[in-house]
Structure formats: structure tokens, C-alpha cells
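A.B. asks: Following this line is structure_23.txt, made up of compact mmCIF, C-alpha atoms and all ligand atoms:
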```txt
# COMPACT_ATOMS: atom_id res chain seq x y z
CA MET A 1 0.00 0.00 0.00
CA ILE A 2 1.04 3.56 -0.75
CA ASP A 3 0.78 6.71 1.32
CA ALA A 4 1.27 9.42 -1.31
CA HIS A 5 0.98 12.52 0.89
CA VAL A 6 2.99 12.86 4.11
CA HIS A 7 4.34 16.19 5.37
CA ILE A 8 7.79 16.14 7.00
CA PHE A 9 7.15 19.40 8.87
CA GLY A 10 3.63 20.70 8.43
CA ASP A 11 4.67 24.23 9.37
CA GLY A 12 8.29 24.37 8.29
CA ARG A 13 9.95 24.25 11.69
CA GLY A 14 12.56 21.70 12.68
CA GLU A 15 15.76 20.23 11.33
CA TYR A 16 15.62 17.85 8.40
CA SER A 17 17.16 14.54 9.39
CA ILE A 18 17.17 10.86 8.51
CA GLU A 19 15.76 10.19 12.00
CA ARG A 20 12.78 12.42 11.25
CA ILE A 21 11.99 10.39 8.10
CA ASN A 22 12.49 7.11 9.93
CA SER A 23 10.02 8.21 12.61
CA PHE A 24 7.31 8.35 9.91
CA ILE A 25 8.41 5.06 8.35
CA VAL A 26 8.09 3.17 11.65
CA HIS A 27 4.41 4.16 11.88
CA ALA A 28 3.77 3.66 8.15
CA GLN A 29 5.23 0.14 8.25
CA LYS A 30 2.97 -0.80 11.16
CA LYS A 31 0.04 0.10 8.91
CA GLY A 32 1.31 -1.99 5.99
CA ILE A 33 2.72 0.84 3.86
CA ASN A 34 5.58 -0.06 1.52
CA GLU A 35 5.87 3.22 -0.37
CA ILE A 36 5.67 6.73 1.00
CA TYR A 37 5.69 10.16 -0.67
CA MET A 38 7.26 12.74 1.64
CA LEU A 39 6.45 16.32 0.78
CA GLU A 40 6.46 19.88 2.05
CA HIS A 41 4.17 22.87 1.50
CA THR A 42 5.50 25.60 -0.79
CA HIS A 43 4.31 28.16 1.80
CA GLN A 44 7.09 27.02 4.13
CA TYR A 45 9.86 28.40 1.92
CA SER A 46 11.11 31.95 1.46
CA GLU A 47 11.77 31.31 -2.26
CA PHE A 48 8.01 31.27 -2.91
CA VAL A 49 7.16 34.71 -1.41
CA GLN A 50 6.57 36.28 -4.85
CA MET A 51 4.44 33.34 -5.96
CA TYR A 52 1.95 34.09 -3.16
CA LYS A 53 1.76 37.83 -3.91
CA PRO A 54 -1.65 37.73 -5.69
CA ILE A 55 -3.04 36.30 -2.44
CA SER A 56 -1.08 38.24 0.16
CA ASP A 57 -1.66 41.57 -1.64
CA ASN A 58 -5.43 41.14 -1.68
CA ASN A 59 -6.33 39.55 1.61
CA GLU A 60 -5.22 40.77 5.02
CA TYR A 61 -6.09 37.53 6.78
CA LEU A 62 -4.00 35.46 4.36
CA ARG A 63 -1.20 38.05 4.42
CA ASN A 64 -0.96 37.61 8.18
CA TRP A 65 -1.18 33.85 7.89
CA LEU A 66 1.62 33.75 5.31
CA SER A 67 3.82 36.12 7.29
CA GLY A 68 4.11 33.44 9.98
CA LYS A 69 5.30 30.91 7.37
CA MET A 70 8.01 31.01 4.70
CA LYS A 71 10.79 30.84 7.26
CA VAL A 72 12.94 28.13 5.71
CA SER A 73 15.02 28.13 2.52
CA LEU A 74 14.14 25.54 -0.09
CA GLU A 75 17.89 24.90 -0.36
CA GLU A 76 17.79 23.36 3.10
CA TYR A 77 15.16 20.85 2.00
CA THR A 78 16.78 20.00 -1.36
CA ARG A 79 20.19 19.52 0.28
CA PHE A 80 18.54 17.11 2.68
CA ILE A 81 16.85 15.24 -0.17
CA ASP A 82 20.27 14.60 -1.75
CA LYS A 83 21.49 13.19 1.55
CA ALA A 84 18.36 11.08 2.09
CA LYS A 85 18.62 9.63 -1.42
CA ALA A 86 21.92 8.05 -0.48
CA TYR A 87 20.41 6.44 2.62
CA GLY A 88 18.78 3.03 2.43
CA PHE A 89 15.31 3.32 3.97
CA PRO A 90 13.44 0.05 4.64
CA ILE A 91 10.56 1.09 2.34
CA LYS A 92 10.46 3.10 -0.90
CA VAL A 93 10.58 6.83 -0.11
CA LYS A 94 9.99 9.67 -2.59
CA PHE A 95 10.59 13.35 -1.95
CA GLY A 96 8.62 16.23 -3.42
CA LEU A 97 6.47 19.28 -2.82
CA GLU A 98 2.82 20.08 -2.33
CA VAL A 99 2.40 23.24 -4.38
CA CYS A 100 -0.38 25.77 -3.77
CA TYR A 101 -1.43 26.41 -7.35
CA ILE A 102 -1.84 30.15 -7.99
CA PRO A 103 -2.61 30.77 -11.68
CA GLU A 104 -1.30 34.35 -11.85
CA THR A 105 2.24 33.43 -10.78
CA VAL A 106 2.70 30.04 -12.44
CA HIS A 107 5.77 31.40 -14.28
CA ILE A 108 7.50 31.96 -10.92
CA LEU A 109 6.63 28.43 -9.85
CA SER A 110 8.00 26.84 -13.00
CA GLU A 111 11.28 28.81 -12.69
CA ILE A 112 11.80 27.56 -9.11
CA LEU A 113 10.77 23.95 -9.79
CA LYS A 114 13.22 23.47 -12.63
CA GLN A 115 16.20 24.43 -10.49
CA TYR A 116 15.94 21.20 -8.51
CA LYS A 117 15.37 17.50 -9.06
CA TRP A 118 12.10 16.21 -7.63
CA ASP A 119 10.67 12.69 -7.41
CA PHE A 120 7.20 14.18 -7.75
CA ILE A 121 5.29 17.44 -7.53
CA THR A 122 1.75 17.46 -6.17
CA GLY A 123 -0.47 20.35 -7.21
CA SER A 124 -3.23 21.43 -4.84
CA VAL A 125 -5.91 24.07 -5.16
CA HIS A 126 -5.97 25.77 -1.75
CA PHE A 127 -7.11 29.21 -2.91
CA ILE A 128 -9.89 30.47 -5.15
CA GLY A 129 -8.51 33.91 -5.95
CA SER A 130 -7.76 35.24 -2.48
CA PHE A 131 -10.44 33.07 -0.84
CA GLY A 132 -8.67 30.57 1.42
CA PHE A 133 -11.65 28.22 1.49
CA ASP A 134 -10.05 25.57 3.72
CA HIS A 135 -8.81 27.94 6.43
CA LYS A 136 -11.91 28.53 8.54
CA LEU A 137 -15.66 28.29 8.26
CA GLU A 138 -16.18 32.06 8.79
CA LEU A 139 -14.47 32.80 5.48
CA TRP A 140 -17.41 31.18 3.67
CA LYS A 141 -19.79 33.92 4.86
CA GLY A 142 -21.27 35.65 1.82
CA ILE A 143 -19.60 33.26 -0.63
CA ASP A 144 -21.61 32.02 -3.65
CA VAL A 145 -21.08 28.27 -3.25
CA ASP A 146 -21.90 27.35 -6.87
CA GLU A 147 -19.50 29.99 -8.15
CA ALA A 148 -16.80 28.85 -5.70
CA TYR A 149 -17.11 25.27 -7.00
CA ARG A 150 -17.07 26.47 -10.61
CA ARG A 151 -13.83 28.43 -10.08
CA TYR A 152 -12.25 25.69 -7.93
CA TYR A 153 -12.52 23.14 -10.73
CA GLU A 154 -11.67 25.67 -13.42
CA ILE A 155 -8.41 26.38 -11.56
CA MET A 156 -7.79 22.64 -11.09
CA LEU A 157 -8.21 21.95 -14.81
CA GLU A 158 -5.86 24.80 -15.64
CA MET A 159 -3.36 23.42 -13.11
CA ILE A 160 -3.44 19.97 -14.74
CA ASP A 161 -2.85 21.50 -18.17
CA THR A 162 0.33 23.34 -17.08
CA GLY A 163 2.29 20.09 -17.25
CA LEU A 164 4.19 21.04 -14.07
CA PHE A 165 2.66 18.40 -11.80
CA ASN A 166 2.64 14.64 -11.34
CA GLY A 167 -0.47 14.48 -9.21
CA VAL A 168 -3.45 16.44 -7.90
CA GLY A 169 -3.85 16.59 -4.11
CA HIS A 170 -7.22 16.04 -2.40
CA PRO A 171 -9.37 16.74 -5.51
CA ASP A 172 -12.59 17.67 -3.70
CA SER A 173 -11.26 19.35 -0.55
CA ILE A 174 -13.56 22.31 -1.25
CA LYS A 175 -16.18 20.29 0.67
CA CYS A 176 -14.07 20.63 3.85
CA PHE A 177 -16.65 22.69 5.77
CA GLY A 178 -19.68 20.90 4.33
CA HIS A 179 -20.63 23.26 1.47
CA TYR A 180 -22.01 21.58 -1.64
CA PRO A 181 -23.07 22.91 -5.04
CA SER A 182 -26.73 22.95 -6.04
CA GLN A 183 -25.97 21.22 -9.34
CA ASN A 184 -24.61 17.83 -10.31
CA LEU A 185 -20.91 18.01 -11.21
CA ASP A 186 -20.61 14.86 -13.34
CA SER A 187 -19.58 16.75 -16.47
CA THR A 188 -16.84 18.54 -14.49
CA TYR A 189 -15.58 15.22 -13.09
CA ILE A 190 -15.52 13.72 -16.60
CA ALA A 191 -13.49 16.71 -17.84
CA LEU A 192 -11.09 16.27 -14.91
CA ALA A 193 -10.71 12.54 -15.59
CA LYS A 194 -9.90 13.19 -19.25
CA ALA A 195 -7.43 15.96 -18.38
CA LEU A 196 -5.65 13.80 -15.77
CA ASN A 197 -5.35 10.91 -18.20
CA LYS A 198 -4.13 13.15 -21.01
CA ALA A 199 -1.46 14.63 -18.71
CA GLY A 200 -0.47 11.19 -17.35
CA MET A 201 -1.21 12.34 -13.80
CA TYR A 202 -2.63 10.67 -10.74
CA THR A 203 -4.98 12.08 -8.17
CA GLU A 204 -5.39 11.21 -4.52
CA GLN A 205 -7.90 9.20 -2.59
CA SER A 206 -7.21 11.36 0.44
CA GLY A 207 -7.99 10.89 4.11
CA GLY A 208 -6.81 14.42 4.84
CA LEU A 209 -10.22 15.89 5.64
CA VAL A 210 -11.00 13.08 8.08
CA LEU A 211 -7.59 13.42 9.70
CA ASN A 212 -7.29 17.20 9.78
CA TYR A 213 -10.90 18.51 9.66
CA LYS A 214 -12.85 15.69 11.34
CA PHE A 215 -14.83 15.46 8.10
CA PRO A 216 -17.26 12.50 8.10
CA GLU A 217 -16.54 11.13 4.58
CA LEU A 218 -13.29 9.30 3.87
CA GLY A 219 -11.80 9.94 0.42
CA MET A 220 -13.36 11.68 -2.55
CA ASN A 221 -17.13 11.96 -2.95
CA PRO A 222 -18.79 8.85 -4.45
CA GLY A 223 -19.83 10.60 -7.69
CA MET A 224 -16.29 11.70 -8.43
CA LEU A 225 -14.87 8.31 -7.49
CA ARG A 226 -17.26 6.46 -9.79
CA ILE A 227 -16.39 8.67 -12.76
CA PHE A 228 -12.64 8.49 -12.09
CA LYS A 229 -12.82 4.70 -11.82
CA ASP A 230 -14.95 4.42 -14.98
CA ASN A 231 -12.29 6.44 -16.81
CA ASN A 232 -9.37 4.47 -15.34
CA VAL A 233 -7.81 7.51 -13.69
CA SER A 234 -4.70 6.68 -11.69
CA ILE A 235 -5.61 7.08 -8.00
CA LEU A 236 -3.16 6.89 -5.07
CA THR A 237 -4.15 6.57 -1.43
CA ALA A 238 -2.93 9.48 0.70
CA SER A 239 -3.11 10.28 4.42
CA ASP A 240 -2.11 13.99 4.39
CA ALA A 241 -0.30 13.25 7.65
CA HIS A 242 1.51 16.14 9.32
CA ARG A 243 3.16 14.14 12.09
CA PRO A 244 4.91 10.76 12.37
CA GLU A 245 2.15 8.88 14.18
CA HIS A 246 -0.28 9.79 11.38
CA ALA A 247 1.79 8.26 8.56
CA GLY A 248 -0.29 5.57 6.86
CA MET A 249 -3.43 6.71 8.70
CA ASN A 250 -6.70 5.57 7.04
CA ILE A 251 -4.81 4.08 4.06
CA LYS A 252 -6.21 0.57 4.47
CA GLU A 253 -9.76 1.95 4.63
CA LEU A 254 -9.13 4.27 1.65
CA GLN A 255 -7.82 1.33 -0.37
CA GLU A 256 -10.87 -0.73 0.56
CA ILE A 257 -13.14 2.00 -0.80
CA LEU A 258 -11.12 2.03 -4.05
CA ASP A 259 -11.30 -1.76 -4.36
CA ALA A 260 -15.02 -2.00 -3.60
ZN ZN B 301 -3.30 20.41 0.74
ZN ZN B 302 -1.00 18.30 2.44
```
Represent the structure contained in this file as C-alpha cells.
C.D. replies:
Amino acid sequence: MIDAHVHIFGDGRGEYSIERINSFIVHAQKKGINEIYMLEHTHQYSEFVQMYKPISDNNEYLRNWLSGKMKVSLEEYTRFIDKAKAYGFPIKVKFGLEVCYIPETVHILSEILKQYKWDFITGSVHFIGSFGFDHKLELWKGIDVDEAYRRYYEIMLEMIDTGLFNGVGHPDSIKCFGHYPSQNLDSTYIALAKALNKAGMYTEQSGGLVLNYKFPELGMNPGMLRIFKDNNVSILTASDAHRPEHAGMNIKELQEILDA
């Protein structure tokens, strides 16, 4: 079994070390994981400050949130990856990034990504314009839910088409606070499936909302899952763990849903 989404340091603090990685592996192995994708948020690294400008310039809440992040240099992480590559971990370990996809500054992203060698790059839609929909429930006040969904998937489709990513993180995380569109989204899911296949990308069957938001539904919504399966989209199980004891969390259950 694979856990394709595990954060080394959720908030960018701490020293990168082999011991840190091993502390995740111990827990992952107990849960039957034999391959793990370690990643970090782009918002942890000072190199990405300009990439977030469309968001930080237009939203005071997100500007304050970001100002507490971006403390570490990406160099620190990539130097560690080189070291870790030479170490023999007991299971297969990949190293990459979870990128906040921001359409306006994609040129900055592509410049930074090509300076380093990555095992994988996961693209995630965390912002709809300067609306940080997964930050807190209050931010949804006054939001047109149908329009938010429309833009969320429009951004996701654009992200897939950039060719910069290997996978799409948590593809329906917009449901995180329980908001749903009034219309059926089958045609959107079909478009996503086709785009993912055309780009040769995977998406995640993620337990992140259960783990980090106490959301009641494990993995993607059943309508999306059915369409992705019907179209043979590549789907990887993913915990979205942010600490060692959560590595491999919910993976068995997520796999069972996929296999059902
Ligand atoms: Zn994410
Ligand atoms: Zn994540």
C-alpha cells in the first residue's frame, strides 16, 4: 500500500534529518505501507514569497497567515533530499512538494521547480482567488457556493494543463466545511478525468479531511470516485499526515473504498 501525501514538517519548523523520516516510516510500516511520498508545502519556503503575492496583496487575513510561514530556505530541503537519497530506507521513499497552485504566478513556480530534481510534484488548489476556502468556516460567509465550485474546478483543470505536476492533491477538498453545489458536477468530473489521463497524472484518494478537519466522509465523494474509476484515472491513497504517528493513517480503509 502507498501513502502518497505525508508532510515532513507541516509548518516548516525543525531540522531535516534521517531520524525524522524514519520516525514516519516506523508508523507507516505498522500500517502496511511499503511506499511513502514525503512532501512539504511551498508556503514554508522563502523562495516562494513572490508566488503568493496575488493572495497576500489582496487579503489581510492570508497576508498575516503567510507572514508566519516562509521561514525556511528551499535549499535546506533539497540539500537534505540529496542526503536522504543516499540512505537506504526500509521502504520506498519519494521526496517532493505540495504546491499551492496560484494561476497568476505560475511562471514563478516553473522557474523555481526546474532548479531542482524532484521525485514528484503534487499540485493542490488551496485558494480560489484570495479566498482561502479551507482555512476557517467564517471565510465562507457571503460566498456564492456554486461559483466557488465552478472556479475551484476551473483552476484545477488549468493546473493539470500546465504540465508542471505529477499528481493532484485532495481533488474535492472544497467540501471541507460541508458546502455543496446545487448542481450535479458529473460533467466537471468527466473533464477532470480526461485531463488527468491526457497529462499522465494521478490524483489522490485522500484521508486528509477526516484526519485534519474531522470530516465524516473518507476519500473523494462517491460521484467523483465512480467517474474516475470508470475512466481508469490513476488514484493513489494518501493520508495527508503532518506528524509521524499519522503516517499511513486511514490508508487501508481508503484502499478498501477504491477496491469495492
Ligand atoms: Zn493540501
Ligand atoms: Zn498536504
A.B. asks: For stretch 42-61 of chain A, I'd like the enclosing box, axis-aligned and padded by 4 Å on every side, reported as AutoDock Vina command-line options with centre and edge lengths in Å to one decimal.
C.D. replies:
```
--center_x 2.7 --center_y 33.6 --center_z 0.4 --size_x 26.1 --size_y 24.0 --size_z 20.7
```
A.B. asks: Pick out the closest residue to A:Leu139 from this set: A:Ser46, A:Thr188, A:Ser239, A:Asn59. Count all atoms listed in the file.
C.D. replies: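 Residue with the minimum atom-to-atom distance to A:Leu139: A:Asn59.
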A.B. asks: Write as JSON, numbers by chain the residues around ligand ZN 302 (chain B), taking 9 Å as the cut-off and counting all atoms listed in the file.
C.D. replies: {"A": [5, 6, 7, 10, 39, 40, 41, 98, 124, 169, 170, 208, 239, 240, 241, 242]}
A.B. asks: Choose the residue, out of A:Met51, A:Ala247, A:Ala86, A:Leu66, that has the smallest atom-to-atom separation from A:Asn22; count only C-alpha atoms.
C.D. replies: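 With only C-alpha atoms as the atom set, the closest residue is A:Ala247.
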A.B. asks: Give me the residues within 12 Å of A:Leu113 as a ChimeraX atom specification, counting only C-alpha atoms and dropping any in the same chain fewer than 3 places off.
C.D. replies: /A:42,47-48,51,74-75,78,96-99,106-110,116-122,163-165
A.B. asks: Please determine, counting all atoms listed in the file, which residue among A:Asn166, A:Arg150, A:Lys94, A:Ile81 has the shortest atom-to-atom distance to A:Gly123.
C.D. replies: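 So, comparing all the options, the nearest one is A:Asn166.
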A.B. asks: Atom CA of A:Tyr37 and atom CA of A:Tyr16, how far apart in Å?
C.D. replies: 15.5 Å
A.B. asks: In Å to one decimal, how far is atom CA of A:Glu138 from atom CA of A:Met224?
C.D. replies: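 Those two atoms sit 26.7 Å apart.
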A.B. asks: Taking all atoms listed in the file into account, name the residue in A:Gln44, A:Ile128, A:His179, A:Met156 that is nearest to A:Lys141.
C.D. replies: A:His179
A.B. asks: Counting all atoms listed in the file, what is within 10 Å of A:Ile257, bar same-chain residues fewer than 4 positions away, as a PyMOL selection string?
C.D. replies: chain A and resi 205+218-220+222+225+251-253
A.B. asks: Got a sec: who's within 8 Å of A:Gln183, counting only C-alpha atoms, leaving out chain neighbours fewer than 2 positions off, as a count of residues only?
C.D. replies: 3
A.B. asks: When distances are computed from all atoms listed in the file, which of A:Leu254, A:Ala260, A:Ala148, A:Ala84 shows the smallest separation from A:Arg20?
C.D. replies: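 Checking each of A:Leu254, A:Ala260, A:Ala148, A:Ala84 against A:Arg20, counting all atoms listed in the file, the winner is A:Ala84.
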